[in-house]
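First the structure, in the form of C-alpha cells, and then the observations on it.
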Amino acid sequence: MKIFLTGSTGFVGKQLLKELLENKYKVKCLVRKGSEHKLGQYINHIEVVNGDITDPPCLENVIADCEAVINIVGIIREIPGKGVTFEKLHYEGTHNLIREAKKQGVDRFIQMSALGAKPEGKTLYQQTKFLAEECIRKSGLDYTIFRPSIIFGNEDKFVNTFAGMLKIQQFIPVIGDGKYKLQPVAVENVVDAFVDSIERRDTFGKLYEVGGPEKIEFNDVINIIGKVLCLPPYKIHIPVWIMNTLAEMLDWIPAFPVTKDQITMLLEGNTCDEKPFFDHFKINPIYLKEGISRYLY
C-alpha cells in the first residue's frame, strides 16, 4: 500500500515516516525543493515530489498512484511577510489536498489537527484547524482526524527548549502562575495510532482527541524536566500582562520565543479525555518522565 505523506521533514513527520517504512508501506513525500536533506537516511527508501500543499499545480496527478493521504502539515506561528499564514497552511492547503484526492480517486484521508480546534477559538490557529476539519468532514472521503495535545519526543521544540535553558542558566521563565494544565503526549503514541488507523475501517469518519496519560500543570512539566536532567529548576514567574505586551510588540520577529496567540492558548490549558484514544488503538501510554528520559541523555 502506498501513502502520500505531507510534512515529512518536520519533527512528527520524520517519526511517522520511519514508522510507515518499518510497517512496509511505500511512501511518496511532498517536500519543498531544497528541504530534501532533512529526510536524512530515509531519502533512498521513498519517492519524493517537490512542492507544497499551498501550490495546487504541484499536486496535479501525483496522488493517483497512492491509496491514502496523510496530512500533518501545520505551523505554530505565522510569518505573513513570507506568505506563511494559518489560513493558507491549515485551511487552504488542506482544501487543495482534498480536492486533488477526490479528483485522482484516492478515498482515504488522515489529518493531524490540534487539541483545542474549535469554531469559536480565541486564536486563528484554533479557528483554521477547525475549518480544515470541517472541509474534511464535508468531503465525502473516508477520513480520520487526530487532535493531539503538545507532542514531545526526540527533536521536539517543547521539552528540548526548556531542557536547553536549564543546561545553560538553571532558571526558567514562566508566564503567570504556571498552574494551567497540559497533557503532553509522546510522539511514539501519536505515530503508532496514525499507522494503525490507515487500514482500519472502524476509524473511518472518526475524530480522536489525543493527550498523554497525565494532566500536568506547566510548573510540574518544568519540574519533571529538571529531575530527568538532575538540574532543579528555578522558576521566574512573569506577569501575563507583561508577556502580552512584549508579544504584541515583538511576536512578528521569528526569534521572539512566544506569540500573543500562543500565550492565550497556553493559559487556556490543553487537556482532553485520553481514554477513548488509548483504548481504541490498544497503545501503551508513555508517561512524560519515562519518555523524556529516553532522549535527553
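Going through the C-alpha cells in order, the chains are called A, B, and so on, while each chain numbers its residues from 1 and the ligands are numbered from 1 in the order shown.
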Next on the checklist: I'd like the neighbourhood of Arg137 of chain A as a ChimeraX atom specification, where a residue qualifies if any of its atoms comes within 12 Å (using only C-alpha atoms), though same-chain residues fewer than 3 positions away should be ignored.
Outcome noted: /A:94-95,98,109-111,130-134,140-145,204-207
Next, dump the selected residues to file, keeping only N, CA and C atoms, as a PDB file, in the first residue's frame.
ATOM      1  N   THR A  94      -5.137  22.215   3.142  1.00  0.00           N
ATOM      2  CA  THR A  94      -5.955  21.011   3.320  1.00  0.00           C
ATOM      3  C   THR A  94      -7.019  20.926   2.234  1.00  0.00           C
ATOM      4  N   HIS A  95      -7.631  22.056   1.925  1.00  0.00           N
ATOM      5  CA  HIS A  95      -8.653  22.099   0.860  1.00  0.00           C
ATOM      6  C   HIS A  95      -8.060  21.653  -0.475  1.00  0.00           C
ATOM      7  N   ILE A  98      -7.582  17.832  -0.428  1.00  0.00           N
ATOM      8  CA  ILE A  98      -8.866  17.125  -0.532  1.00  0.00           C
ATOM      9  C   ILE A  98      -9.373  17.147  -1.968  1.00  0.00           C
ATOM     10  N   PHE A 109      -8.209   9.501   3.749  1.00  0.00           N
ATOM     11  CA  PHE A 109      -7.582  10.766   4.106  1.00  0.00           C
ATOM     12  C   PHE A 109      -7.445  10.838   5.623  1.00  0.00           C
ATOM     13  N   ILE A 110      -6.204  11.004   6.099  1.00  0.00           N
ATOM     14  CA  ILE A 110      -5.938  11.085   7.541  1.00  0.00           C
ATOM     15  C   ILE A 110      -5.295  12.439   7.840  1.00  0.00           C
ATOM     16  N   GLN A 111      -5.844  13.131   8.828  1.00  0.00           N
ATOM     17  CA  GLN A 111      -5.449  14.514   9.091  1.00  0.00           C
ATOM     18  C   GLN A 111      -4.961  14.694  10.522  1.00  0.00           C
ATOM     19  N   PHE A 130      -9.886  24.097  12.877  1.00  0.00           N
ATOM     20  CA  PHE A 130     -11.271  23.617  12.836  1.00  0.00           C
ATOM     21  C   PHE A 130     -11.837  23.724  11.421  1.00  0.00           C
ATOM     22  N   LEU A 131     -11.543  24.811  10.718  1.00  0.00           N
ATOM     23  CA  LEU A 131     -12.034  24.970   9.343  1.00  0.00           C
ATOM     24  C   LEU A 131     -11.520  23.845   8.450  1.00  0.00           C
ATOM     25  N   ALA A 132     -10.264  23.445   8.656  1.00  0.00           N
ATOM     26  CA  ALA A 132      -9.714  22.328   7.886  1.00  0.00           C
ATOM     27  C   ALA A 132     -10.473  21.043   8.201  1.00  0.00           C
ATOM     28  N   GLU A 133     -10.787  20.828   9.471  1.00  0.00           N
ATOM     29  CA  GLU A 133     -11.568  19.657   9.852  1.00  0.00           C
ATOM     30  C   GLU A 133     -12.934  19.654   9.163  1.00  0.00           C
ATOM     31  N   GLU A 134     -13.584  20.793   9.164  1.00  0.00           N
ATOM     32  CA  GLU A 134     -14.906  20.891   8.546  1.00  0.00           C
ATOM     33  C   GLU A 134     -14.839  20.574   7.051  1.00  0.00           C
ATOM     34  N   GLY A 140     -16.739  13.832   1.837  1.00  0.00           N
ATOM     35  CA  GLY A 140     -17.199  12.538   1.343  1.00  0.00           C
ATOM     36  C   GLY A 140     -16.106  11.484   1.332  1.00  0.00           C
ATOM     37  N   LEU A 141     -14.902  11.851   1.769  1.00  0.00           N
ATOM     38  CA  LEU A 141     -13.793  10.905   1.824  1.00  0.00           C
ATOM     39  C   LEU A 141     -13.880  10.040   3.089  1.00  0.00           C
ATOM     40  N   ASP A 142     -13.169   8.931   3.079  1.00  0.00           N
ATOM     41  CA  ASP A 142     -13.059   8.077   4.268  1.00  0.00           C
ATOM     42  C   ASP A 142     -11.970   8.673   5.159  1.00  0.00           C
ATOM     43  N   TYR A 143     -12.375   9.586   6.015  1.00  0.00           N
ATOM     44  CA  TYR A 143     -11.390  10.351   6.780  1.00  0.00           C
ATOM     45  C   TYR A 143     -11.240   9.845   8.211  1.00  0.00           C
ATOM     46  N   THR A 144     -10.090  10.184   8.787  1.00  0.00           N
ATOM     47  CA  THR A 144      -9.857  10.063  10.231  1.00  0.00           C
ATOM     48  C   THR A 144      -9.098  11.320  10.636  1.00  0.00           C
ATOM     49  N   ILE A 145      -9.532  11.937  11.737  1.00  0.00           N
ATOM     50  CA  ILE A 145      -8.888  13.163  12.217  1.00  0.00           C
ATOM     51  C   ILE A 145      -8.343  12.922  13.630  1.00  0.00           C
ATOM     52  N   PHE A 204     -12.876   5.105  10.213  1.00  0.00           N
ATOM     53  CA  PHE A 204     -13.388   5.995   9.169  1.00  0.00           C
ATOM     54  C   PHE A 204     -14.476   6.913   9.747  1.00  0.00           C
ATOM     55  N   GLY A 205     -14.375   8.192   9.412  1.00  0.00           N
ATOM     56  CA  GLY A 205     -15.372   9.145   9.878  1.00  0.00           C
ATOM     57  C   GLY A 205     -15.253   9.497  11.349  1.00  0.00           C
ATOM     58  N   LYS A 206     -14.110   9.189  11.959  1.00  0.00           N
ATOM     59  CA  LYS A 206     -13.930   9.418  13.401  1.00  0.00           C
ATOM     60  C   LYS A 206     -12.931  10.548  13.670  1.00  0.00           C
ATOM     61  N   LEU A 207     -13.133  11.184  14.824  1.00  0.00           N
ATOM     62  CA  LEU A 207     -12.204  12.192  15.329  1.00  0.00           C
ATOM     63  C   LEU A 207     -11.711  11.723  16.695  1.00  0.00           C
TER      64      LEU A 207
END
Next on the checklist: Quick one: residues within 12 Å of Asn44 of chain A, only C-alpha atoms, excluding same-chain residues fewer than 4 positions away - as a VMD selection string?
Outcome noted: chain A and resid 21 26 to 29 36 to 37 39 to 40 48
Hey, what's within 12 Å of segment 223-234 of chain A if we count only C-alpha atoms and toss same-chain stuff fewer than 4 positions away? As a short mmCIF file (atom, residue, chain, number, x, y, z; two decimals) with C-alpha atoms, in the first residue's frame, please?
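selection_4.cif, freshly written:
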data_model
loop_
_atom_site.label_atom_id
_atom_site.label_comp_id
_atom_site.auth_asym_id
_atom_site.auth_seq_id
_atom_site.Cartn_x
_atom_site.Cartn_y
_atom_site.Cartn_z
CA PHE A 152 7.07 15.54 22.94
CA PHE A 158 8.84 21.87 23.66
CA VAL A 159 10.76 19.73 26.15
CA ASN A 160 14.05 20.34 24.35
CA THR A 161 13.63 24.12 24.55
CA PHE A 162 13.26 24.08 28.33
CA ALA A 163 15.95 21.43 28.75
CA GLY A 164 18.31 23.64 26.77
CA MET A 165 17.52 26.61 29.01
CA LEU A 166 18.18 24.58 32.16
CA LYS A 167 21.53 23.33 30.90
CA ILE A 168 22.66 26.91 30.32
CA GLN A 169 21.05 29.01 33.03
CA GLN A 170 19.19 26.74 35.52
CA PHE A 171 16.16 29.04 35.58
CA ILE A 172 13.00 29.02 33.50
CA PRO A 173 10.72 31.99 32.78
CA VAL A 174 7.08 31.02 33.44
CA GLY A 178 2.16 28.28 35.76
CA ILE A 216 0.02 18.21 34.40
CA GLU A 217 0.44 21.82 35.50
CA PHE A 218 3.07 23.68 33.49
CA ASN A 219 5.10 24.13 36.71
CA TYR A 287 4.48 8.99 30.71
CA LEU A 288 6.35 12.27 30.43
CA LYS A 289 9.27 11.41 32.74
CA GLU A 290 9.68 7.96 31.17
CA GLY A 291 9.57 9.39 27.64
CA ILE A 292 11.99 12.27 28.03
CA SER A 293 14.44 10.12 29.99
CA ARG A 294 14.95 8.16 26.75
CA TYR A 295 16.19 11.05 24.66
CA LEU A 296 17.59 13.75 26.96
CA TYR A 297 20.60 11.55 27.77
#
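Atom CA of Cys66 of chain A is positioned 15.8 Å from atom CA of His45 of chain A.
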Item to check | Phe281 of chain A environment, 9 Å, only C-alpha atoms, sequence neighbours closer than 2 positions dropped, as number ranges by chain | outcome: A: 192-193, 196-197, 276-279, 283
Item to check | For segment 68-82 of chain A: contacts at 7 Å, only C-alpha atoms, fewer than 2 positions along chain excluded, given as a list in words | outcome: Lys2, Ile3, Phe4, Leu5, Thr6, Gly7, Cys66, Val84, Thr85, Phe86, Leu89, His90, Val106, Asp107, Arg108, Phe109, Ile110, Gln111 and Met112 of chain A
Could you save those same residues with all heavy atoms as a compact mmCIF listing (two decimals), in the first residue's frame?
# COMPACT_ATOMS: atom_id res chain seq x y z
N LYS A 2 0.52 2.22 -0.80
CA LYS A 2 1.34 3.42 -0.96
C LYS A 2 0.65 4.62 -0.33
O LYS A 2 -0.54 4.86 -0.55
CB LYS A 2 1.60 3.67 -2.44
CG LYS A 2 2.69 4.70 -2.74
CD LYS A 2 2.96 4.70 -4.24
CE LYS A 2 4.13 5.59 -4.61
NZ LYS A 2 4.40 5.55 -6.06
N ILE A 3 1.42 5.39 0.45
CA ILE A 3 0.90 6.53 1.20
C ILE A 3 1.49 7.82 0.66
O ILE A 3 2.70 7.91 0.43
CB ILE A 3 1.26 6.42 2.70
CG1 ILE A 3 0.89 5.04 3.26
CG2 ILE A 3 0.61 7.54 3.50
CD1 ILE A 3 -0.56 4.70 3.23
N PHE A 4 0.63 8.83 0.47
CA PHE A 4 1.09 10.17 0.11
C PHE A 4 1.19 10.96 1.42
O PHE A 4 0.18 11.19 2.10
CB PHE A 4 0.11 10.84 -0.85
CG PHE A 4 0.59 12.16 -1.38
CD1 PHE A 4 1.50 12.19 -2.43
CD2 PHE A 4 0.14 13.36 -0.85
CE1 PHE A 4 1.96 13.41 -2.94
CE2 PHE A 4 0.59 14.58 -1.36
CZ PHE A 4 1.50 14.60 -2.40
N LEU A 5 2.40 11.36 1.79
CA LEU A 5 2.64 11.99 3.09
C LEU A 5 3.12 13.43 2.93
O LEU A 5 4.07 13.70 2.20
CB LEU A 5 3.69 11.18 3.86
CG LEU A 5 4.15 11.73 5.21
CD1 LEU A 5 3.00 11.79 6.21
CD2 LEU A 5 5.30 10.90 5.76
N THR A 6 2.47 14.34 3.64
CA THR A 6 2.93 15.73 3.69
C THR A 6 3.53 15.99 5.08
O THR A 6 3.18 15.32 6.05
CB THR A 6 1.78 16.72 3.46
OG1 THR A 6 0.91 16.72 4.60
CG2 THR A 6 0.99 16.35 2.21
N GLY A 7 4.41 16.97 5.17
CA GLY A 7 5.00 17.31 6.47
C GLY A 7 6.07 16.35 6.95
O GLY A 7 6.39 16.31 8.14
N CYS A 66 -1.45 6.46 -5.22
CA CYS A 66 -1.43 6.16 -3.78
C CYS A 66 -2.82 5.69 -3.33
O CYS A 66 -3.82 5.94 -3.99
CB CYS A 66 -1.03 7.40 -2.98
SG CYS A 66 0.64 8.02 -3.38
N VAL A 84 3.37 32.88 4.92
CA VAL A 84 3.12 31.73 5.79
C VAL A 84 2.07 32.13 6.83
O VAL A 84 2.37 32.80 7.83
CB VAL A 84 4.41 31.27 6.50
CG1 VAL A 84 4.13 30.09 7.41
CG2 VAL A 84 5.49 30.93 5.48
N THR A 85 0.82 31.76 6.57
CA THR A 85 -0.27 32.11 7.47
C THR A 85 -1.07 30.86 7.85
O THR A 85 -1.04 29.85 7.14
CB THR A 85 -1.24 33.12 6.82
OG1 THR A 85 -1.90 32.49 5.72
CG2 THR A 85 -0.49 34.36 6.35
N PHE A 86 -1.78 30.94 8.96
CA PHE A 86 -2.60 29.82 9.40
C PHE A 86 -3.65 29.46 8.36
O PHE A 86 -3.88 28.29 8.07
CB PHE A 86 -3.29 30.15 10.73
CG PHE A 86 -2.34 30.30 11.89
CD1 PHE A 86 -2.47 31.36 12.77
CD2 PHE A 86 -1.32 29.38 12.11
CE1 PHE A 86 -1.61 31.51 13.85
CE2 PHE A 86 -0.44 29.52 13.18
CZ PHE A 86 -0.60 30.59 14.05
N LEU A 89 -1.85 27.71 5.26
CA LEU A 89 -1.30 26.38 5.52
C LEU A 89 -2.34 25.40 6.02
O LEU A 89 -2.46 24.28 5.52
CB LEU A 89 -0.15 26.47 6.53
CG LEU A 89 1.28 26.64 6.01
CD1 LEU A 89 1.76 25.41 5.29
CD2 LEU A 89 1.41 27.87 5.14
N HIS A 90 -3.10 25.81 7.03
CA HIS A 90 -4.04 24.87 7.66
C HIS A 90 -5.29 24.64 6.82
O HIS A 90 -5.66 23.49 6.57
CB HIS A 90 -4.47 25.40 9.04
CG HIS A 90 -3.35 25.45 10.03
ND1 HIS A 90 -3.41 26.17 11.21
CD2 HIS A 90 -2.12 24.88 10.02
CE1 HIS A 90 -2.29 26.04 11.87
NE2 HIS A 90 -1.48 25.27 11.17
N VAL A 106 -8.52 8.99 -4.78
CA VAL A 106 -7.98 8.48 -3.51
C VAL A 106 -8.98 8.80 -2.40
O VAL A 106 -9.21 9.97 -2.09
CB VAL A 106 -6.60 9.10 -3.19
CG1 VAL A 106 -6.05 8.55 -1.88
CG2 VAL A 106 -5.62 8.83 -4.33
N ASP A 107 -9.56 7.77 -1.80
CA ASP A 107 -10.65 7.97 -0.85
C ASP A 107 -10.22 8.08 0.61
O ASP A 107 -10.96 8.60 1.44
CB ASP A 107 -11.65 6.81 -0.95
CG ASP A 107 -12.35 6.77 -2.30
OD1 ASP A 107 -12.63 7.85 -2.85
OD2 ASP A 107 -12.62 5.66 -2.79
N ARG A 108 -9.03 7.57 0.94
CA ARG A 108 -8.61 7.54 2.35
C ARG A 108 -7.81 8.79 2.68
O ARG A 108 -6.82 9.12 2.00
CB ARG A 108 -7.75 6.29 2.60
CG ARG A 108 -7.40 6.07 4.06
CD ARG A 108 -8.60 5.64 4.87
NE ARG A 108 -8.24 5.34 6.25
CZ ARG A 108 -8.62 6.08 7.29
NH1 ARG A 108 -9.36 7.18 7.09
NH2 ARG A 108 -8.29 5.75 8.52
N PHE A 109 -8.21 9.50 3.75
CA PHE A 109 -7.58 10.77 4.11
C PHE A 109 -7.44 10.84 5.62
O PHE A 109 -8.43 10.73 6.35
CB PHE A 109 -8.44 11.94 3.61
CG PHE A 109 -7.72 13.26 3.55
CD1 PHE A 109 -7.22 13.74 2.35
CD2 PHE A 109 -7.54 14.03 4.69
CE1 PHE A 109 -6.56 14.96 2.29
CE2 PHE A 109 -6.88 15.24 4.65
CZ PHE A 109 -6.39 15.71 3.44
N ILE A 110 -6.20 11.00 6.10
CA ILE A 110 -5.94 11.08 7.54
C ILE A 110 -5.29 12.44 7.84
O ILE A 110 -4.32 12.82 7.19
CB ILE A 110 -5.02 9.94 8.00
CG1 ILE A 110 -5.64 8.59 7.62
CG2 ILE A 110 -4.77 10.00 9.50
CD1 ILE A 110 -4.73 7.40 7.85
N GLN A 111 -5.84 13.13 8.83
CA GLN A 111 -5.45 14.51 9.09
C GLN A 111 -4.96 14.69 10.52
O GLN A 111 -5.57 14.19 11.46
CB GLN A 111 -6.66 15.44 8.87
CG GLN A 111 -6.46 16.89 9.22
CD GLN A 111 -5.82 17.71 8.11
OE1 GLN A 111 -5.39 17.15 7.09
NE2 GLN A 111 -5.78 19.02 8.27
N MET A 112 -3.87 15.44 10.68
CA MET A 112 -3.46 15.86 12.02
C MET A 112 -3.98 17.26 12.26
O MET A 112 -3.54 18.22 11.62
CB MET A 112 -1.95 15.83 12.21
CG MET A 112 -1.57 16.15 13.65
SD MET A 112 0.06 15.60 14.16
CE MET A 112 1.08 16.86 13.42
Just list the residues in segment 32-153 of chain A DSSP gives strand (DSSP E or B) on the backbone, as a tab-separated table (two decimals) with all heavy atoms, in the first residue's frame.
chain	number	residue	atom	x	y	z
A	47	GLU	N	9.77	7.88	-2.35
A	47	GLU	CA	9.64	8.68	-3.56
A	47	GLU	C	9.40	10.12	-3.13
A	47	GLU	O	8.58	10.38	-2.25
A	47	GLU	CB	8.46	8.17	-4.38
A	47	GLU	CG	8.29	8.84	-5.73
A	47	GLU	CD	7.12	8.28	-6.51
A	47	GLU	OE1	6.60	7.19	-6.12
A	47	GLU	OE2	6.71	8.91	-7.49
A	48	VAL	N	10.11	11.06	-3.72
A	48	VAL	CA	9.99	12.47	-3.34
A	48	VAL	C	9.37	13.28	-4.48
A	48	VAL	O	9.76	13.14	-5.64
A	48	VAL	CB	11.37	13.07	-2.98
A	48	VAL	CG1	11.26	14.58	-2.74
A	48	VAL	CG2	11.93	12.39	-1.74
A	49	VAL	N	8.38	14.10	-4.12
A	49	VAL	CA	7.77	15.04	-5.06
A	49	VAL	C	8.01	16.44	-4.51
A	49	VAL	O	7.73	16.71	-3.34
A	49	VAL	CB	6.25	14.80	-5.20
A	49	VAL	CG1	5.63	15.86	-6.11
A	49	VAL	CG2	5.97	13.42	-5.72
A	50	ASN	N	8.57	17.33	-5.32
A	50	ASN	CA	8.81	18.70	-4.86
A	50	ASN	C	7.55	19.54	-4.96
A	50	ASN	O	6.81	19.46	-5.94
A	50	ASN	CB	9.93	19.35	-5.67
A	50	ASN	CG	11.30	18.81	-5.32
A	50	ASN	OD1	12.09	18.47	-6.19
A	50	ASN	ND2	11.60	18.70	-4.03
A	68	ALA	N	-3.75	6.24	0.05
A	68	ALA	CA	-4.16	7.07	1.19
A	68	ALA	C	-3.31	8.34	1.23
A	68	ALA	O	-2.16	8.35	0.78
A	68	ALA	CB	-4.02	6.30	2.49
A	69	VAL	N	-3.91	9.39	1.78
A	69	VAL	CA	-3.20	10.66	2.01
A	69	VAL	C	-3.13	10.88	3.51
A	69	VAL	O	-4.13	10.74	4.22
A	69	VAL	CB	-3.95	11.84	1.36
A	69	VAL	CG1	-3.29	13.17	1.75
A	69	VAL	CG2	-3.99	11.70	-0.16
A	70	ILE	N	-1.93	11.20	4.01
A	70	ILE	CA	-1.77	11.62	5.41
A	70	ILE	C	-1.22	13.03	5.41
A	70	ILE	O	-0.13	13.29	4.89
A	70	ILE	CB	-0.82	10.68	6.19
A	70	ILE	CG1	-1.34	9.25	6.19
A	70	ILE	CG2	-0.66	11.18	7.62
A	70	ILE	CD1	-0.45	8.27	6.95
A	71	ASN	N	-1.98	13.95	5.99
A	71	ASN	CA	-1.58	15.35	6.01
A	71	ASN	C	-1.28	15.79	7.44
A	71	ASN	O	-2.16	15.84	8.30
A	71	ASN	CB	-2.71	16.23	5.45
A	71	ASN	CG	-2.36	17.71	5.48
A	71	ASN	OD1	-1.19	18.08	5.32
A	71	ASN	ND2	-3.34	18.55	5.68
A	79	ILE	N	4.24	33.82	9.53
A	79	ILE	CA	5.25	34.75	9.02
A	79	ILE	C	4.61	35.39	7.78
A	79	ILE	O	4.89	34.98	6.64
A	79	ILE	CB	6.57	34.04	8.65
A	79	ILE	CG1	7.04	33.13	9.80
A	79	ILE	CG2	7.66	35.07	8.32
A	79	ILE	CD1	8.27	32.31	9.48
A	84	VAL	N	3.37	32.88	4.92
A	84	VAL	CA	3.12	31.73	5.79
A	84	VAL	C	2.07	32.13	6.83
A	84	VAL	O	2.37	32.80	7.83
A	84	VAL	CB	4.41	31.27	6.50
A	84	VAL	CG1	4.13	30.09	7.41
A	84	VAL	CG2	5.49	30.93	5.48
A	108	ARG	N	-9.03	7.57	0.94
A	108	ARG	CA	-8.61	7.54	2.35
A	108	ARG	C	-7.81	8.79	2.68
A	108	ARG	O	-6.82	9.12	2.00
A	108	ARG	CB	-7.75	6.29	2.60
A	108	ARG	CG	-7.40	6.07	4.06
A	108	ARG	CD	-8.60	5.64	4.87
A	108	ARG	NE	-8.24	5.34	6.25
A	108	ARG	CZ	-8.62	6.08	7.29
A	108	ARG	NH1	-9.36	7.18	7.09
A	108	ARG	NH2	-8.29	5.75	8.52
A	109	PHE	N	-8.21	9.50	3.75
A	109	PHE	CA	-7.58	10.77	4.11
A	109	PHE	C	-7.44	10.84	5.62
A	109	PHE	O	-8.43	10.73	6.35
A	109	PHE	CB	-8.44	11.94	3.61
A	109	PHE	CG	-7.72	13.26	3.55
A	109	PHE	CD1	-7.22	13.74	2.35
A	109	PHE	CD2	-7.54	14.03	4.69
A	109	PHE	CE1	-6.56	14.96	2.29
A	109	PHE	CE2	-6.88	15.24	4.65
A	109	PHE	CZ	-6.39	15.71	3.44
A	110	ILE	N	-6.20	11.00	6.10
A	110	ILE	CA	-5.94	11.08	7.54
A	110	ILE	C	-5.29	12.44	7.84
A	110	ILE	O	-4.32	12.82	7.19
A	110	ILE	CB	-5.02	9.94	8.00
A	110	ILE	CG1	-5.64	8.59	7.62
A	110	ILE	CG2	-4.77	10.00	9.50
A	110	ILE	CD1	-4.73	7.40	7.85
A	111	GLN	N	-5.84	13.13	8.83
A	111	GLN	CA	-5.45	14.51	9.09
A	111	GLN	C	-4.96	14.69	10.52
A	111	GLN	O	-5.57	14.19	11.46
A	111	GLN	CB	-6.66	15.44	8.87
A	111	GLN	CG	-6.46	16.89	9.22
A	111	GLN	CD	-5.82	17.71	8.11
A	111	GLN	OE1	-5.39	17.15	7.09
A	111	GLN	NE2	-5.78	19.02	8.27
A	112	MET	N	-3.87	15.44	10.68
A	112	MET	CA	-3.46	15.86	12.02
A	112	MET	C	-3.98	17.26	12.26
A	112	MET	O	-3.54	18.22	11.62
A	112	MET	CB	-1.95	15.83	12.21
A	112	MET	CG	-1.57	16.15	13.65
A	112	MET	SD	0.06	15.60	14.16
A	112	MET	CE	1.08	16.86	13.42
A	142	ASP	N	-13.17	8.93	3.08
A	142	ASP	CA	-13.06	8.08	4.27
A	142	ASP	C	-11.97	8.67	5.16
A	142	ASP	O	-10.80	8.31	5.07
A	142	ASP	CB	-12.69	6.65	3.87
A	142	ASP	CG	-13.78	5.98	3.05
A	142	ASP	OD1	-14.97	6.26	3.29
A	142	ASP	OD2	-13.44	5.18	2.16
A	143	TYR	N	-12.37	9.59	6.01
A	143	TYR	CA	-11.39	10.35	6.78
A	143	TYR	C	-11.24	9.85	8.21
A	143	TYR	O	-12.12	9.20	8.78
A	143	TYR	CB	-11.79	11.84	6.81
A	143	TYR	CG	-13.00	12.13	7.67
A	143	TYR	CD1	-12.87	12.31	9.05
A	143	TYR	CD2	-14.28	12.24	7.12
A	143	TYR	CE1	-13.97	12.57	9.86
A	143	TYR	CE2	-15.39	12.50	7.91
A	143	TYR	CZ	-15.23	12.66	9.28
A	143	TYR	OH	-16.32	12.91	10.08
A	144	THR	N	-10.09	10.18	8.79
A	144	THR	CA	-9.86	10.06	10.23
A	144	THR	C	-9.10	11.32	10.64
A	144	THR	O	-8.15	11.73	9.96
A	144	THR	CB	-9.02	8.82	10.59
A	144	THR	OG1	-9.66	7.65	10.08
A	144	THR	CG2	-8.87	8.69	12.10
A	145	ILE	N	-9.53	11.94	11.74
A	145	ILE	CA	-8.89	13.16	12.22
A	145	ILE	C	-8.34	12.92	13.63
A	145	ILE	O	-9.04	12.40	14.49
A	145	ILE	CB	-9.88	14.35	12.25
A	145	ILE	CG1	-10.41	14.65	10.85
A	145	ILE	CG2	-9.22	15.59	12.85
A	145	ILE	CD1	-11.57	15.63	10.82
A	146	PHE	N	-7.09	13.31	13.84
A	146	PHE	CA	-6.48	13.24	15.16
A	146	PHE	C	-6.23	14.65	15.67
A	146	PHE	O	-5.72	15.50	14.92
A	146	PHE	CB	-5.15	12.49	15.11
A	146	PHE	CG	-5.29	11.02	14.83
A	146	PHE	CD1	-5.18	10.53	13.52
A	146	PHE	CD2	-5.53	10.11	15.85
A	146	PHE	CE1	-5.31	9.18	13.25
A	146	PHE	CE2	-5.65	8.75	15.59
A	146	PHE	CZ	-5.55	8.28	14.29
A	147	ARG	N	-6.58	14.89	16.92
A	147	ARG	CA	-6.32	16.18	17.56
A	147	ARG	C	-5.34	15.99	18.71
A	147	ARG	O	-5.75	15.82	19.86
A	147	ARG	CB	-7.61	16.77	18.13
A	147	ARG	CG	-8.57	17.38	17.14
A	147	ARG	CD	-9.75	17.95	17.92
A	147	ARG	NE	-10.74	18.59	17.06
A	147	ARG	CZ	-11.90	19.07	17.51
A	147	ARG	NH1	-12.20	18.96	18.80
A	147	ARG	NH2	-12.74	19.64	16.68
A	148	PRO	N	-4.05	16.01	18.46
A	148	PRO	CA	-3.09	15.81	19.56
A	148	PRO	C	-2.88	17.07	20.39
A	148	PRO	O	-2.99	18.20	19.90
A	148	PRO	CB	-1.81	15.41	18.84
A	148	PRO	CG	-1.94	15.99	17.49
A	148	PRO	CD	-3.40	16.07	17.16
A	151	ILE	N	3.03	17.58	21.61
A	151	ILE	CA	3.72	16.32	21.35
A	151	ILE	C	5.19	16.46	21.76
A	151	ILE	O	5.86	17.42	21.38
A	151	ILE	CB	3.62	15.94	19.86
A	151	ILE	CG1	2.15	15.84	19.43
A	151	ILE	CG2	4.35	14.63	19.58
A	151	ILE	CD1	1.96	15.62	17.94
A	152	PHE	N	5.66	15.49	22.54
A	152	PHE	CA	7.07	15.54	22.94
A	152	PHE	C	7.81	14.32	22.39
A	152	PHE	O	7.21	13.28	22.10
A	152	PHE	CB	7.22	15.62	24.47
A	152	PHE	CG	6.83	14.36	25.20
A	152	PHE	CD1	7.75	13.37	25.47
A	152	PHE	CD2	5.53	14.18	25.66
A	152	PHE	CE1	7.41	12.22	26.17
A	152	PHE	CE2	5.15	13.04	26.36
A	152	PHE	CZ	6.10	12.06	26.60
Next on the checklist: Based on the backbone DSSP call, show me all residues of segment 118-242 of chain A assigned alpha helix (DSSP H), as a PyMOL selection string.
Outcome noted: chain A and resi 124-137+159-169+187-197+218-229+240-242
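Nearest residue to Val210 of chain A among A:Lys260, A:Lys157, A:His280, A:Lys103 is A:His280, counting only C-alpha atoms.
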